[in-house]
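Below is structure.tsv, which holds TSV, C-alpha atoms and all ligand atoms.
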chain	number	residue	atom	x	y	z
V	1	MET	CA	199.69	92.36	152.51
V	2	LYS	CA	203.23	92.79	153.88
V	3	ASP	CA	203.61	94.53	157.25
V	4	THR	CA	205.60	97.42	155.75
V	5	ALA	CA	202.91	98.15	153.17
V	6	MET	CA	200.22	97.98	155.85
V	7	ALA	CA	202.21	100.32	158.10
V	8	GLU	CA	202.37	102.83	155.25
V	9	LEU	CA	198.58	102.81	155.02
V	10	PHE	CA	198.45	104.88	158.20
V	11	GLU	CA	199.95	108.34	157.71
V	12	VAL	CA	199.98	111.10	160.27
V	13	ASP	CA	200.46	114.78	159.48
V	14	GLY	CA	202.79	115.83	162.31
V	15	ALA	CA	201.79	119.48	161.92
V	16	LYS	CA	198.12	118.67	162.66
V	17	CYS	CA	198.45	115.79	165.16
V	18	VAL	CA	197.99	116.89	168.79
V	19	LYS	CA	198.82	113.40	170.12
V	20	CYS	CA	195.45	113.14	171.88
V	21	GLY	CA	195.43	109.36	171.38
V	22	ALA	CA	191.86	109.25	170.02
V	23	CYS	CA	192.95	107.11	167.04
V	24	VAL	CA	194.80	104.67	169.29
V	25	ARG	CA	191.84	104.36	171.70
V	26	ASP	CA	189.32	103.84	168.90
V	27	CYS	CA	191.33	101.13	167.13
V	28	ALA	CA	189.23	98.01	167.79
V	29	PHE	CA	192.08	95.53	167.46
V	30	ARG	CA	194.80	97.69	168.96
V	31	ALA	CA	196.87	97.96	165.81
V	32	LEU	CA	198.02	101.49	166.68
V	33	LYS	CA	200.39	102.59	169.40
V	34	MET	CA	201.14	106.04	170.83
V	35	GLU	CA	204.83	106.91	170.92
V	36	ASP	CA	206.71	110.13	171.70
V	37	ALA	CA	206.67	111.05	168.00
V	38	GLY	CA	202.90	110.40	167.79
V	39	PRO	CA	200.64	107.47	166.85
V	40	ARG	CA	201.96	104.77	164.56
V	41	MET	CA	200.82	101.48	163.08
V	42	ALA	CA	202.59	99.09	165.43
V	43	PHE	CA	200.73	95.84	164.65
V	44	PRO	CA	199.74	95.99	160.99
V	45	ASP	CA	198.51	92.41	160.91
V	46	ARG	CA	195.73	93.43	163.32
V	47	CYS	CA	194.46	96.32	161.17
V	48	MET	CA	191.08	95.65	159.53
V	49	LYS	CA	191.19	98.87	157.49
V	50	CYS	CA	187.98	100.20	159.04
V	51	GLN	CA	189.24	103.81	158.79
V	52	HIS	CA	188.10	104.63	162.34
V	53	CYS	CA	191.47	106.36	162.88
V	54	LEU	CA	190.71	108.67	159.95
V	55	ALA	CA	187.14	109.26	161.15
V	56	VAL	CA	187.83	109.91	164.82
V	57	CYS	CA	190.75	112.34	164.45
V	58	GLN	CA	189.41	115.74	165.49
V	59	THR	CA	192.22	117.69	163.81
V	60	GLY	CA	192.20	115.84	160.48
V	61	ALA	CA	195.75	114.58	160.88
V	62	VAL	CA	195.24	110.99	159.70
V	63	THR	CA	195.31	109.80	156.10
V	64	PHE	CA	194.46	106.11	155.70
V	65	ASP	CA	195.10	104.09	152.56
V	66	GLY	CA	195.44	107.34	150.63
V	67	LYS	CA	192.04	108.57	151.88
V	68	ARG	CA	192.57	112.13	153.06
V	69	PRO	CA	190.51	113.61	155.88
V	70	GLU	CA	189.51	116.62	153.79
V	71	ASP	CA	187.80	114.23	151.34
V	72	SER	CA	185.60	112.66	154.06
V	73	LEU	CA	182.09	113.90	154.85
V	74	PRO	CA	182.37	116.16	157.90
V	75	VAL	CA	179.90	114.95	160.55
V	76	GLY	CA	179.35	118.33	162.22
V	77	ASN	CA	176.36	119.87	160.43
V	78	LEU	CA	175.27	116.89	158.37
V	79	GLN	CA	171.55	116.37	158.13
V	80	LEU	CA	170.85	112.81	159.26
V	81	PRO	CA	167.45	111.05	159.25
V	82	SER	CA	165.59	111.58	162.50
V	83	LEU	CA	164.22	108.71	164.57
V	84	GLU	CA	160.78	109.77	163.41
V	85	SER	CA	161.68	109.71	159.73
V	86	VAL	CA	163.25	106.24	159.98
V	87	GLU	CA	160.24	104.97	161.95
V	88	ASN	CA	157.91	106.42	159.34
V	89	TRP	CA	159.85	104.74	156.57
V	90	LEU	CA	159.89	101.36	158.32
V	91	ARG	CA	156.12	101.45	158.94
V	92	THR	CA	155.27	102.43	155.38
V	93	ARG	CA	157.94	100.67	153.28
V	94	ARG	CA	156.43	97.85	151.20
V	95	SER	CA	157.57	94.94	149.11
V	96	VAL	CA	156.38	96.17	145.75
V	97	ARG	CA	155.31	93.63	143.16
V	98	ARG	CA	153.93	95.91	140.47
V	99	PHE	CA	156.37	98.02	138.52
V	100	ALA	CA	156.03	100.82	135.97
V	101	ALA	CA	157.40	100.53	132.44
V	102	ALA	CA	159.97	103.31	132.81
V	103	ASP	CA	163.53	102.56	133.90
V	104	VAL	CA	165.19	103.82	137.04
V	105	ASP	CA	167.48	106.79	136.44
V	106	ARG	CA	170.99	105.38	135.96
V	107	ALA	CA	172.79	108.20	137.75
V	108	THR	CA	170.59	107.68	140.82
V	109	LEU	CA	171.27	103.95	140.71
V	110	SER	CA	175.03	104.51	140.47
V	111	ARG	CA	174.85	106.94	143.36
V	112	ILE	CA	172.97	104.41	145.51
V	113	LEU	CA	175.40	101.59	144.71
V	114	ALA	CA	178.37	103.79	145.56
V	115	ALA	CA	176.83	104.67	148.93
V	116	LEU	CA	176.04	101.00	149.50
V	117	GLY	CA	179.76	100.26	149.64
V	118	ASN	CA	179.60	101.84	153.10
V	119	ALA	CA	177.30	99.18	154.59
V	120	PRO	CA	178.99	97.32	157.43
V	121	THR	CA	180.63	93.93	156.84
V	122	GLY	CA	181.98	91.54	159.48
V	123	CYS	CA	185.60	92.45	160.35
V	124	ASN	CA	185.28	95.07	157.62
V	125	ALA	CA	185.96	92.32	155.06
V	126	ARG	CA	184.46	94.29	152.12
V	127	SER	CA	184.21	91.23	149.91
V	128	LEU	CA	180.91	92.12	148.28
V	129	THR	CA	180.07	92.27	144.58
V	130	PHE	CA	177.03	94.21	143.42
V	131	THR	CA	175.78	92.68	140.17
V	132	CYS	CA	173.11	94.94	138.79
V	133	PHE	CA	170.56	94.46	136.02
V	134	PRO	CA	169.65	98.14	135.74
V	135	THR	CA	166.90	98.31	133.10
V	136	HIS	CA	163.80	96.49	131.87
V	137	GLU	CA	165.80	95.47	128.80
V	138	SER	CA	168.56	93.87	130.86
V	139	MET	CA	165.94	92.17	133.05
V	140	ASP	CA	164.15	90.82	129.98
V	141	ARG	CA	167.45	89.38	128.73
V	142	PHE	CA	168.06	87.87	132.14
V	143	ARG	CA	164.51	86.42	132.31
V	144	HIS	CA	164.94	84.95	128.85
V	145	GLY	CA	168.29	83.39	129.81
V	146	PHE	CA	166.78	82.05	133.02
V	147	ILE	CA	163.83	80.42	131.26
V	148	SER	CA	166.14	79.02	128.57
V	149	ALA	CA	168.38	77.54	131.27
V	150	ILE	CA	165.32	75.96	132.89
V	151	GLU	CA	164.27	74.51	129.55
V	152	ARG	CA	167.74	73.10	128.85
V	153	HIS	CA	167.64	71.57	132.29
V	154	ARG	CA	164.21	70.07	131.66
V	155	ASP	CA	165.42	68.57	128.40
V	156	GLY	CA	168.13	66.78	130.37
V	157	THR	CA	167.61	63.91	132.69
V	158	LYS	CA	166.95	65.81	135.90
V	159	LEU	CA	163.45	66.63	137.12
V	160	LEU	CA	162.68	70.21	138.09
V	161	PRO	CA	160.74	71.00	141.24
V	162	ARG	CA	157.10	71.94	140.51
V	163	TRP	CA	157.43	75.39	142.10
V	164	LEU	CA	160.02	76.17	139.46
V	165	ALA	CA	158.61	74.39	136.42
V	166	VAL	CA	155.02	75.65	136.57
V	167	PRO	CA	155.72	79.41	136.89
V	168	ALA	CA	158.48	79.04	134.27
V	169	ILE	CA	156.00	77.70	131.73
V	170	ARG	CA	153.60	80.52	132.61
V	171	LEU	CA	156.34	83.12	132.17
V	172	ARG	CA	157.48	81.61	128.86
V	173	LYS	CA	153.90	81.96	127.59
V	174	GLY	CA	153.93	85.66	128.48
V	175	GLY	CA	151.91	85.15	131.66
V	176	GLU	CA	152.52	86.42	135.18
V	177	ASP	CA	156.14	86.74	136.30
V	178	MET	CA	155.94	85.01	139.68
V	179	PHE	CA	159.75	84.89	139.93
V	180	PHE	CA	160.82	88.47	139.27
V	181	ARG	CA	157.47	90.28	139.57
V	182	GLY	CA	157.94	92.17	136.33
V	183	ALA	CA	160.64	94.25	138.01
V	184	GLY	CA	162.57	96.78	135.95
V	185	GLY	CA	165.83	95.91	137.68
V	186	MET	CA	167.59	93.54	140.02
V	187	LEU	CA	170.55	93.82	142.32
V	188	VAL	CA	172.40	90.64	143.24
V	189	VAL	CA	174.71	91.10	146.20
V	190	SER	CA	177.24	88.29	146.56
V	191	SER	CA	180.20	87.68	148.82
V	192	ASP	CA	183.50	86.08	147.98
V	193	GLU	CA	183.49	83.82	151.01
V	194	LYS	CA	187.03	82.62	150.29
V	195	ALA	CA	188.52	86.12	150.32
V	196	PRO	CA	190.85	86.83	153.25
V	197	GLY	CA	189.16	88.08	156.40
V	198	VAL	CA	185.60	87.12	155.43
V	199	THR	CA	183.84	85.86	158.54
V	200	THR	CA	180.15	86.64	157.96
V	201	PRO	CA	179.43	86.39	154.22
V	202	ARG	CA	175.71	85.65	154.55
V	203	GLU	CA	175.09	88.42	157.04
V	204	ASP	CA	177.12	90.84	154.89
V	205	VAL	CA	174.95	90.30	151.80
V	206	THR	CA	171.69	90.57	153.76
V	207	ILE	CA	172.80	93.75	155.48
V	208	ALA	CA	173.76	95.27	152.12
V	209	CYS	CA	170.35	94.36	150.69
V	210	ALA	CA	168.55	95.93	153.63
V	211	HIS	CA	170.52	99.13	153.15
V	212	PHE	CA	169.86	99.03	149.42
V	213	GLU	CA	166.15	98.92	150.16
V	214	MET	CA	166.45	101.94	152.42
V	215	LEU	CA	168.53	103.98	149.96
V	216	ALA	CA	166.38	103.00	146.98
V	217	ASN	CA	163.11	103.83	148.76
V	218	ALA	CA	164.55	107.21	149.76
V	219	ALA	CA	165.07	107.88	146.04
V	220	GLY	CA	161.50	106.83	145.14
V	221	ILE	CA	162.61	103.42	143.84
V	222	ALA	CA	160.49	100.47	144.92
V	223	THR	CA	162.03	97.14	145.97
V	224	CYS	CA	161.10	93.54	146.66
V	225	TRP	CA	163.30	90.89	148.27
V	226	CYS	CA	163.85	88.00	145.88
V	227	GLY	CA	164.06	84.99	148.15
V	228	PHE	CA	163.06	82.84	145.21
V	229	LEU	CA	166.61	82.87	143.82
V	230	GLY	CA	167.88	81.49	147.13
V	231	LEU	CA	165.61	78.48	146.69
V	232	VAL	CA	166.92	78.06	143.16
V	233	GLN	CA	170.50	77.98	144.44
V	234	ARG	CA	169.57	75.31	146.96
V	235	GLU	CA	167.76	73.06	144.48
V	236	VAL	CA	169.17	73.79	141.01
V	237	PRO	CA	172.38	75.80	141.53
V	238	GLU	CA	173.52	75.37	137.93
V	239	LEU	CA	170.75	77.77	136.84
V	240	LEU	CA	172.45	80.60	138.72
V	241	GLU	CA	175.87	79.59	137.45
V	242	GLN	CA	174.58	79.82	133.89
V	243	THR	CA	172.58	83.03	134.19
V	244	ILE	CA	174.35	85.20	136.77
V	245	GLY	CA	177.73	83.49	137.03
V	246	LEU	CA	177.21	82.73	140.72
V	247	SER	CA	179.08	79.71	142.03
V	248	ARG	CA	177.05	76.91	143.55
V	249	THR	CA	177.89	77.95	147.08
V	250	ALA	CA	178.29	81.74	146.73
V	251	PRO	CA	176.50	83.52	149.56
V	252	PHE	CA	174.17	85.98	147.89
V	253	TYR	CA	170.82	87.71	148.07
V	254	ALA	CA	168.85	89.51	145.38
V	255	MET	CA	166.62	92.57	145.42
V	256	LEU	CA	164.14	93.38	142.70
V	257	PHE	CA	163.62	97.06	142.06
V	258	GLY	CA	161.97	99.58	139.76
V	259	LEU	CA	159.62	102.51	139.66
V	260	PRO	CA	156.42	101.56	141.48
V	261	ALA	CA	153.09	101.04	139.71
V	262	VAL	CA	151.24	100.91	143.01
V	263	ARG	CA	150.87	103.52	145.70
V	264	TYR	CA	150.06	102.53	149.26
V	265	ALA	CA	147.83	104.93	151.14
V	266	ARG	CA	148.88	103.90	154.65
V	267	GLY	CA	151.31	101.84	156.63
V	268	VAL	CA	150.70	98.43	158.15
V	269	GLN	CA	150.34	97.78	161.89
V	270	ARG	CA	152.96	95.41	163.16
V	271	ASP	CA	154.43	97.20	166.16
V	272	SER	CA	152.95	94.59	168.46
V	273	TYR	CA	154.16	91.53	166.56
V	274	ALA	CA	157.77	91.34	167.74
V	275	GLN	CA	158.45	89.80	171.13
V	276	ILE	CA	160.27	92.48	173.11
V	277	ASP	CA	162.08	91.05	176.08
V	278	PHE	CA	163.85	93.60	178.28
V	279	ARG	CA	166.01	91.91	180.89
V	280	GLU	CA	166.64	94.34	183.70
F	1	LIG	C1	164.26	87.38	153.06
F	1	LIG	C2	163.02	87.71	152.28
F	1	LIG	C3	162.71	87.04	151.10
F	1	LIG	C4	161.59	87.38	150.35
F	1	LIG	N1	161.36	86.77	149.16
F	1	LIG	C5	160.32	87.17	148.40
F	1	LIG	C6	160.11	86.62	147.08
F	1	LIG	O1	160.85	85.75	146.60
F	1	LIG	N2	159.05	87.08	146.36
F	1	LIG	C7	158.21	88.03	146.83
F	1	LIG	O2	157.27	88.42	146.13
F	1	LIG	N3	158.38	88.57	148.07
F	1	LIG	C8	159.42	88.18	148.86
F	1	LIG	N4	159.63	88.75	150.10
F	1	LIG	C9	158.70	89.78	150.60
F	1	LIG	C10	157.89	89.32	151.82
F	1	LIG	O3	156.85	88.47	151.41
F	1	LIG	C11	157.39	90.58	152.51
F	1	LIG	O4	158.48	91.26	153.06
F	1	LIG	C12	156.37	90.33	153.60
F	1	LIG	O5	155.22	89.72	153.08
F	1	LIG	C13	155.96	91.61	154.31
F	1	LIG	O6	155.50	92.59	153.39
F	1	LIG	P1	156.19	94.01	153.26
F	1	LIG	O7	157.64	93.78	152.88
F	1	LIG	O8	155.44	94.74	152.22
F	1	LIG	O9	156.12	94.68	154.59
F	1	LIG	C14	160.73	88.40	150.84
F	1	LIG	C15	161.04	89.08	152.02
F	1	LIG	C16	162.17	88.77	152.72
F	1	LIG	C17	162.50	89.56	153.97

Could you write out this file's structure as structure tokens?
Ligand SMILES: Cc1cc2nc3c(=O)[nH]c(=O)nc-3n(C[C@H](O)[C@H](O)[C@H](O)COP(=O)(O)O)c2cc1C
Amino acid sequence: MKDTAMAELFEVDGAKCVKCGACVRDCAFRALKMEDAGPRMAFPDRCMKCQHCLAVCQTGAVTFDGKRPEDSLPVGNLQLPSLESVENWLRTRRSVRRFAAADVDRATLSRILAALGNAPTGCNARSLTFTCFPTHESMDRFRHGFISAIERHRDGTKLLPRWLAVPAIRLRKGGEDMFFRGAGGMLVVSSDEKAPGVTTPREDVTIACAHFEMLANAAGIATCWCGFLGLVQREVPELLEQTIGLSRTAPFYAMLFGLPAVRYARGVQRDSYAQIDFRE
């Protein structure tokens, strides 16, 4: 983006600005500068569009990229999860592998995916795509396409790894779905690693998945990480190209989701498993 266009992203309402300098101080890459007339975007090429200037302004004087302060969530009286509620969630959240026949409510799913756009990305690169199979029907189509792609591959000259071929045959025969656990939905988070400013594509997708799990669980939607598709990309990447449209090298991770058909009565006990190493 040209410097002039970037400079115009940062607008200050002179009637509200008290020139306190909070926006300038909070700008991580020092793109802003305080002048007699007030703060201005002095080094647009440094701006990573994180919107901290909009968020930190106590008087609501900053509009960034057309985002007006009055349209932001005010932090003041917001109810945020307590330490206890997040701890409780972490100790009782489960990878669910049994799903009910009903679909997840679409409006809830859309709401979760919109909120997910707020998950942090390295240098605020925001290069993520959320590809969502939202219903059992869409998952069944995907499963069918996946198995067909495996079969086409098997008909060719290449050998398939056993861990892929054997469960595929079982699934084709209507047996257990070892790959996708009978889930009623799947979210594939991918990063355009070639997009400008992308520094941490793999971390970005994993972080988004972790936040998806948290948001989904809060809405009563069960999730399971789908590491299996990562193995597929490593060994037979053309299967993902054909079924999801993911390039051979696209950093991605997938989360299975749906309404749970299992209810856990208690949490697990893993507090003591991590090595905690305070260095005073
Ligand atoms: C990165 C990652 C990949 C995973 N891949 C799979 C998978 O492909 N299939 C599956 O059933 N579970 C998968 N899991 C779930 C783990 O097996 C599970 O998190 C672990 O056994 C602990 O259980 P819990 O999540 O219920 O606490 C994965 C988990 C993570 C974090």

Can you list every residue of range 144-241 of chain V that has an atom at most 12 Å from range 73-84 of chain V, with its nearest atom pair and the distance in Å to one decimal, using only C-alpha atoms, ordered by chain then number, as a Markdown table?
| residue | atom | partner | partner_atom | distance |
| --- | --- | --- | --- | --- |
| V:Met214 | CA | V:Pro81 | CA | 11.4 |
| V:Leu215 | CA | V:Pro81 | CA | 11.7 |
| V:Ala218 | CA | V:Pro81 | CA | 10.6 |

Residues within 6 Å of ligand LIG 1 (chain F) (only C-alpha atoms and all ligand atoms), as a list of chain:residue names?
V:Arg94, V:Ser95, V:Cys224, V:Trp225, V:Cys226, V:Gly227, V:Phe228

If you count all atoms listed in the file, the residue of V:Val56, V:Gly185, V:Ala31, V:Ala61 closest to Ala222 in chain V turns out to be V:Gly185

Please indicate the distance in Å from CA of Ser127 in chain V to CA of Ala208 in chain V, rounded to one decimal place.
11.4 Å

Quick one: distance from CA of Leu231 in chain V to CA of Pro161 in chain V in Å, one decimal?
10.5 Å

Between V:Ile150, V:Cys47, V:Ala219, V:Cys53, which has the minimum distance to Cys17 in chain V (counting all atoms listed in the file)?
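Comparing V:Ile150, V:Cys47, V:Ala219, V:Cys53 against Cys17 in chain V, the winner is V:Cys53.
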
Restricting the calculation to all atoms listed in the file, which member of V:Ala15, V:Gly175, V:Arg40, V:Trp163 is positioned closest to Glu235 in chain V?
V:Trp163

Smallest atom-to-atom distance to Leu164 in chain V: which of V:Asn217, V:Ser138, V:Thr59, V:Gln233, using all atoms listed in the file?
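Comparing V:Asn217, V:Ser138, V:Thr59, V:Gln233 against Leu164 in chain V, the winner is V:Gln233.
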
Determine, counting all atoms listed in the file, which protein, DNA and RNA residues have an atom within 7 Å of an atom of Val205 in chain V; residues of the same chain fewer than 6 positions away are not included. Present the result as JSON, numbers by chain.
{"V": [189, 190, 191, 252, 253]}

What are the closest atom pairs, with distances in Å to one decimal, for each residue of range 4-96 of chain V lying within 12 Å of range 268-277 of chain V, using only C-alpha atoms, rows by chain and rising residue number, as a Markdown table?
| residue | atom | partner | partner_atom | distance |
| --- | --- | --- | --- | --- |
| V:Glu87 | CA | V:Asp271 | CA | 10.6 |
| V:Asn88 | CA | V:Val268 | CA | 10.8 |
| V:Trp89 | CA | V:Val268 | CA | 11.2 |
| V:Leu90 | CA | V:Val268 | CA | 9.6 |
| V:Arg91 | CA | V:Val268 | CA | 6.3 |
| V:Thr92 | CA | V:Val268 | CA | 6.7 |
| V:Arg93 | CA | V:Val268 | CA | 9.0 |
| V:Arg94 | CA | V:Val268 | CA | 9.0 |
| V:Ser95 | CA | V:Val268 | CA | 11.9 |

For the residues in the current selection, export C-alpha atoms as an mmCIF file, in the coordinates of the input.
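File produced: result.cif:
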data_model
loop_
_atom_site.group_PDB
_atom_site.id
_atom_site.type_symbol
_atom_site.label_atom_id
_atom_site.label_comp_id
_atom_site.auth_asym_id
_atom_site.auth_seq_id
_atom_site.Cartn_x
_atom_site.Cartn_y
_atom_site.Cartn_z
ATOM 1 C CA GLU V 87 160.240 104.970 161.950
ATOM 2 C CA ASN V 88 157.910 106.420 159.340
ATOM 3 C CA TRP V 89 159.850 104.740 156.570
ATOM 4 C CA LEU V 90 159.890 101.360 158.320
ATOM 5 C CA ARG V 91 156.120 101.450 158.940
ATOM 6 C CA THR V 92 155.270 102.430 155.380
ATOM 7 C CA ARG V 93 157.940 100.670 153.280
ATOM 8 C CA ARG V 94 156.430 97.850 151.200
ATOM 9 C CA SER V 95 157.570 94.940 149.110
#

CA of Arg68 in chain V and CA of Cys23 in chain V, how far apart in Å?
14.9 Å
